[in-house]
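Notes follow the structure.
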Amino acid sequence: MEKLSSRSLALALASAYLVVSTLTGIALMTEQKPEPHALDATTYDYTTTTATGTTTTTTRPARRTTTTTADTSYDLVNGAYELVTAIPKGWSVRQGDVSTVSVARSDTMPGYEVRLGGAPPDEPAKTLLERISTAHEAKLGKNSYAMETLRDTRFHGYPAVEWSYTTTSNGTSQFCTGAWWEAGGIEYVLFVVSPLSGRATAEKLLNLMTTHAKP
């Protein structure tokens with residue numbers, strides 16, 4: 001089974017369609033917390049530079065927050081290259097079409113999917129933002145793609161990129177949001193696909209994943 005390079009990984013995880021694949025032996029660890037974290041857990045603070053064509057502009061530090069108060073239990077899952085993250089308890093994890101990508105879904109939340117993976121950069125001389133921008137450019141003019149956020153940030157002290165956009169798959173509008181970061185020579189990504197109306201839930205899912213992500 002082929003391992004994806006980072007550019008292919010970015011394109012694969014940012015695809016508009018929901019991945020369908022067979023269940024394989026990905027490690028799944030369950031950690032019960034006495035006080036489960038809420039999906040609205042505040043994640044990292046960061047200083048950003050927002051990409052605009054070939055220029056960048058500096059913005060003030062931002063904080064990702066949500067307003068829900070509901071608690072949720074979660075499972076910790078292992079991905080490629082020692083990636084660890086959290087998904088809502090009871091979601092099923094499947095290996096994607098390649099060995100460096102895993103996907104998780106729940107029958108109780110149709111239209112939602114989370115994806116996670118890691119791979120060595122195929123163009124390490126380029127910045128992470130430049131590599132993700134290549135994936136962005138590949139989507140321009142296709143499937144009603146509209147970029148909402150594409151920015152430099154820091155994630156757990158590592159160089160990172162946040163990318164959010166809307167697109168259409170098989171006539172269905174979708175919201176997609178993800179966090180990419182580079183650690184130890186590996187490019188990692190956590191990515192969420194949701195119905196267009198599920199933007200707030202998608203952000204909460206990404207918050208949960210990034211809050212518990214390692215490295």
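How things are named: the first chain in the structure tokens is A, the next is B, and so on; residues count from 1 in each chain; ligands count from 1 in the order shown.
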Residues near A:Tyr112, anyone? I mean within 9 Å using only C-alpha atoms, not counting same-chain ones fewer than 6 positions away, as number ranges by chain. A: 18, 104-106, 192-195, 198, 202
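If only C-alpha atoms are the atoms counted, then among A:Ser197, A:Thr100, A:Thr108, A:Thr153 the closest residue to A:Ala179 is A:Thr153.
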Nearest to A:Gly157 by atom-to-atom distance, counting only C-alpha atoms, from A:Phe175, A:Asn207, A:Met109, A:Lys214: A:Lys214
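With only C-alpha atoms as the atoms that count, the minimum distance from A:Arg115 to the choices A:Ser73, A:Ser169, A:Thr149, A:Gln95 is reached by A:Gln95.
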